[in-house]
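All remarks here apply to the structure that follows.
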Amino acid sequence: MIPIILAGAAVVFIVTERLLYFRDVKRRDSVFIRKLEEALLRHDFSQAESVCISAETPLSSVIKIAIQYRRLNESDMREIIQGELDESALNYERRISYIAVLANIATLLGLLGTVVGNIQAFGVMGSGGINSNPALLASSIATSLLTTAGGLFVSIPALIFHNYLVQKADRLINQMEKTVSQFSIRLTGRMY
């Protein structure tokens with residue numbers, strides 16, 4: 001049970017960290033976009049770059065690259081921006097895959113507990129023959145059921161949160177790509 005509890009604690013930590021990260025990035029991006037809009041309305045690209053640097057979000061790092069390379073031709077700029085988009089998207093996806101791994105580990109540890117409990121139960125039955133100690137037999141079966149339940153108790157919510165966080169990260173990445181596209185068009189005056 002201890003490894004299952006540790007897996008559960010790791011899942012709780014990762015889920016909490018990701019939810020707080022997403023909330024913080026969303027808050028910082030809304031402030032960032034407002035300040036960036038103000039700088040771009042004045043055509044103050046150095047101020048816009050400063051706003052990007054101070055925001056420290058995946059979106060701001062991509063837009064900073066777009067501002068720096070705004071004078072390149074369209075295909076070169078698109079290629080550079082896409083590379084930065086791909087790299088910045090990893091910030092949203094960080095550690096999420098560990099949740100699925102921990103869910104699988106918890107399930108397998110529960111199964112291992114079931115096997116060990118059943119081995120103990122058959123050992124009790126084998127050593128006592130027909131007159132086996134029913135309390136010892138029940139204890140071995142309870143151990144196997146407890147670890148199975150513990151593994152499932154960790155893995156089911158972990159998989160639910162994993163899917164939620166994957167969808168949340170995908171939505172944020174799509175929103176980032178859309179926002180970068182809009183700002184790239186404004187920066188170059190060309191279609192992007």
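Chain labels A, B, ... are given in the sequence in which chains occur in the structure tokens; within each chain residues are numbered consecutively from 1, and ligands are likewise numbered from 1 in the order shown.
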If we count only C-alpha atoms, what is near Ile160 of chain A at a cut-off of 12 Å, once residues fewer than 5 positions away on the same chain are taken out, given as a PDB file with all heavy atoms, in the first residue's frame?
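Contents of the output file around.pdb:
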```
ATOM      1  N   VAL A  11       0.514  12.070  -7.815  1.00  0.00           N
ATOM      2  CA  VAL A  11      -0.557  12.509  -8.715  1.00  0.00           C
ATOM      3  C   VAL A  11      -1.180  13.801  -8.196  1.00  0.00           C
ATOM      4  O   VAL A  11      -1.391  14.753  -8.959  1.00  0.00           O
ATOM      5  CB  VAL A  11      -1.630  11.405  -8.885  1.00  0.00           C
ATOM      6  CG1 VAL A  11      -2.883  11.958  -9.548  1.00  0.00           C
ATOM      7  CG2 VAL A  11      -1.074  10.242  -9.692  1.00  0.00           C
ATOM      8  N   VAL A  15      -1.125  17.259 -10.349  1.00  0.00           N
ATOM      9  CA  VAL A  15      -2.402  17.867 -10.742  1.00  0.00           C
ATOM     10  C   VAL A  15      -2.527  19.271 -10.155  1.00  0.00           C
ATOM     11  O   VAL A  15      -2.890  20.219 -10.851  1.00  0.00           O
ATOM     12  CB  VAL A  15      -3.593  16.973 -10.316  1.00  0.00           C
ATOM     13  CG1 VAL A  15      -4.910  17.716 -10.438  1.00  0.00           C
ATOM     14  CG2 VAL A  15      -3.614  15.689 -11.140  1.00  0.00           C
ATOM     15  N   ILE A  96       2.355  16.213 -17.419  1.00  0.00           N
ATOM     16  CA  ILE A  96       1.015  15.635 -17.535  1.00  0.00           C
ATOM     17  C   ILE A  96       1.092  14.138 -17.842  1.00  0.00           C
ATOM     18  O   ILE A  96       0.307  13.353 -17.317  1.00  0.00           O
ATOM     19  CB  ILE A  96       0.168  16.387 -18.580  1.00  0.00           C
ATOM     20  CG1 ILE A  96      -0.132  17.805 -18.074  1.00  0.00           C
ATOM     21  CG2 ILE A  96      -1.124  15.647 -18.877  1.00  0.00           C
ATOM     22  CD1 ILE A  96      -0.868  18.682 -19.065  1.00  0.00           C
ATOM     23  N   ILE A  99       1.167  11.587 -14.976  1.00  0.00           N
ATOM     24  CA  ILE A  99      -0.073  11.210 -14.291  1.00  0.00           C
ATOM     25  C   ILE A  99      -0.577   9.873 -14.823  1.00  0.00           C
ATOM     26  O   ILE A  99      -0.977   8.997 -14.050  1.00  0.00           O
ATOM     27  CB  ILE A  99      -1.142  12.308 -14.438  1.00  0.00           C
ATOM     28  CG1 ILE A  99      -0.658  13.611 -13.785  1.00  0.00           C
ATOM     29  CG2 ILE A  99      -2.466  11.866 -13.828  1.00  0.00           C
ATOM     30  CD1 ILE A  99      -1.536  14.808 -14.076  1.00  0.00           C
ATOM     31  N   ALA A 100      -0.550   9.700 -16.141  1.00  0.00           N
ATOM     32  CA  ALA A 100      -0.993   8.431 -16.730  1.00  0.00           C
ATOM     33  C   ALA A 100      -0.069   7.291 -16.308  1.00  0.00           C
ATOM     34  O   ALA A 100      -0.538   6.185 -16.015  1.00  0.00           O
ATOM     35  CB  ALA A 100      -1.041   8.546 -18.249  1.00  0.00           C
ATOM     36  N   ALA A 103      -0.904   6.413 -12.770  1.00  0.00           N
ATOM     37  CA  ALA A 103      -2.183   5.691 -12.715  1.00  0.00           C
ATOM     38  C   ALA A 103      -1.976   4.224 -13.072  1.00  0.00           C
ATOM     39  O   ALA A 103      -2.518   3.331 -12.405  1.00  0.00           O
ATOM     40  CB  ALA A 103      -3.194   6.330 -13.663  1.00  0.00           C
ATOM     41  N   PHE A 153      -8.428   3.235  -6.431  1.00  0.00           N
ATOM     42  CA  PHE A 153      -8.749   4.527  -5.826  1.00  0.00           C
ATOM     43  C   PHE A 153      -7.800   5.619  -6.316  1.00  0.00           C
ATOM     44  O   PHE A 153      -8.186   6.772  -6.465  1.00  0.00           O
ATOM     45  CB  PHE A 153      -8.686   4.410  -4.300  1.00  0.00           C
ATOM     46  CG  PHE A 153      -9.063   5.661  -3.574  1.00  0.00           C
ATOM     47  CD1 PHE A 153     -10.387   6.055  -3.478  1.00  0.00           C
ATOM     48  CD2 PHE A 153      -8.087   6.455  -2.997  1.00  0.00           C
ATOM     49  CE1 PHE A 153     -10.744   7.231  -2.812  1.00  0.00           C
ATOM     50  CE2 PHE A 153      -8.432   7.631  -2.323  1.00  0.00           C
ATOM     51  CZ  PHE A 153      -9.759   8.014  -2.236  1.00  0.00           C
ATOM     52  N   VAL A 154      -6.554   5.238  -6.584  1.00  0.00           N
ATOM     53  CA  VAL A 154      -5.570   6.202  -7.107  1.00  0.00           C
ATOM     54  C   VAL A 154      -5.701   6.332  -8.623  1.00  0.00           C
ATOM     55  O   VAL A 154      -5.702   7.437  -9.164  1.00  0.00           O
ATOM     56  CB  VAL A 154      -4.132   5.779  -6.715  1.00  0.00           C
ATOM     57  CG1 VAL A 154      -3.101   6.600  -7.467  1.00  0.00           C
ATOM     58  CG2 VAL A 154      -3.928   5.917  -5.218  1.00  0.00           C
ATOM     59  N   SER A 155      -5.814   5.212  -9.315  1.00  0.00           N
ATOM     60  CA  SER A 155      -5.725   5.256 -10.775  1.00  0.00           C
ATOM     61  C   SER A 155      -6.953   5.869 -11.458  1.00  0.00           C
ATOM     62  O   SER A 155      -6.803   6.567 -12.463  1.00  0.00           O
ATOM     63  CB  SER A 155      -5.454   3.866 -11.348  1.00  0.00           C
ATOM     64  OG  SER A 155      -6.539   3.006 -11.127  1.00  0.00           O
ATOM     65  N   LEU A 165      -6.462  17.462 -17.974  1.00  0.00           N
ATOM     66  CA  LEU A 165      -5.296  18.326 -18.154  1.00  0.00           C
ATOM     67  C   LEU A 165      -4.766  18.275 -19.581  1.00  0.00           C
ATOM     68  O   LEU A 165      -4.293  19.292 -20.106  1.00  0.00           O
ATOM     69  CB  LEU A 165      -4.194  17.958 -17.154  1.00  0.00           C
ATOM     70  CG  LEU A 165      -4.520  18.295 -15.700  1.00  0.00           C
ATOM     71  CD1 LEU A 165      -3.451  17.735 -14.772  1.00  0.00           C
ATOM     72  CD2 LEU A 165      -4.666  19.792 -15.496  1.00  0.00           C
ATOM     73  N   VAL A 166      -4.849  17.121 -20.233  1.00  0.00           N
ATOM     74  CA  VAL A 166      -4.440  17.032 -21.644  1.00  0.00           C
ATOM     75  C   VAL A 166      -5.337  17.925 -22.492  1.00  0.00           C
ATOM     76  O   VAL A 166      -4.855  18.685 -23.338  1.00  0.00           O
ATOM     77  CB  VAL A 166      -4.482  15.562 -22.141  1.00  0.00           C
ATOM     78  CG1 VAL A 166      -4.431  15.483 -23.657  1.00  0.00           C
ATOM     79  CG2 VAL A 166      -3.336  14.764 -21.531  1.00  0.00           C
ATOM     80  N   GLN A 167      -6.646  17.859 -22.257  1.00  0.00           N
ATOM     81  CA  GLN A 167      -7.574  18.710 -23.008  1.00  0.00           C
ATOM     82  C   GLN A 167      -7.340  20.187 -22.709  1.00  0.00           C
ATOM     83  O   GLN A 167      -7.386  21.028 -23.614  1.00  0.00           O
ATOM     84  CB  GLN A 167      -9.013  18.325 -22.700  1.00  0.00           C
ATOM     85  CG  GLN A 167      -9.410  16.983 -23.277  1.00  0.00           C
ATOM     86  CD  GLN A 167     -10.806  16.565 -22.879  1.00  0.00           C
ATOM     87  OE1 GLN A 167     -11.499  17.282 -22.159  1.00  0.00           O
ATOM     88  NE2 GLN A 167     -11.232  15.396 -23.333  1.00  0.00           N
TER      89      GLN A 167
END
```
Neighbours of Val12 of chain A within 12 Å (only C-alpha atoms; same-chain residues fewer than 3 positions away dropped), as a PyMOL selection string? chain A and resi 5-9+15-19+96+98-99+102-103+154-155+157-159+161-162
So that I can check the surroundings of Thr147 of chain A, please list as a list in words every protein, DNA and RNA residue that reaches within 6 Å of it, counting only C-alpha atoms and ignoring chain neighbours fewer than 2 positions away.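 Contacts, in chain order: Gly110, Gly113, Ser144, Leu145, Ala149 and Gly150 of chain A.
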Here is a test: counting only C-alpha atoms, which residue of A:Ala55, A:Leu187, A:Ala169, A:Ile14 is nearest to Arg70 of chain A?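 Among the listed residues, A:Leu187 lies closest to Arg70 of chain A.
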Contact residues around Lys26 of chain A with only C-alpha atoms at 12 Å, ignoring same-chain residues under 5 positions, as an MDAnalysis selection string: chainID A and resid 19:21 31:33 55:60 92 168:169 171:173 175:176
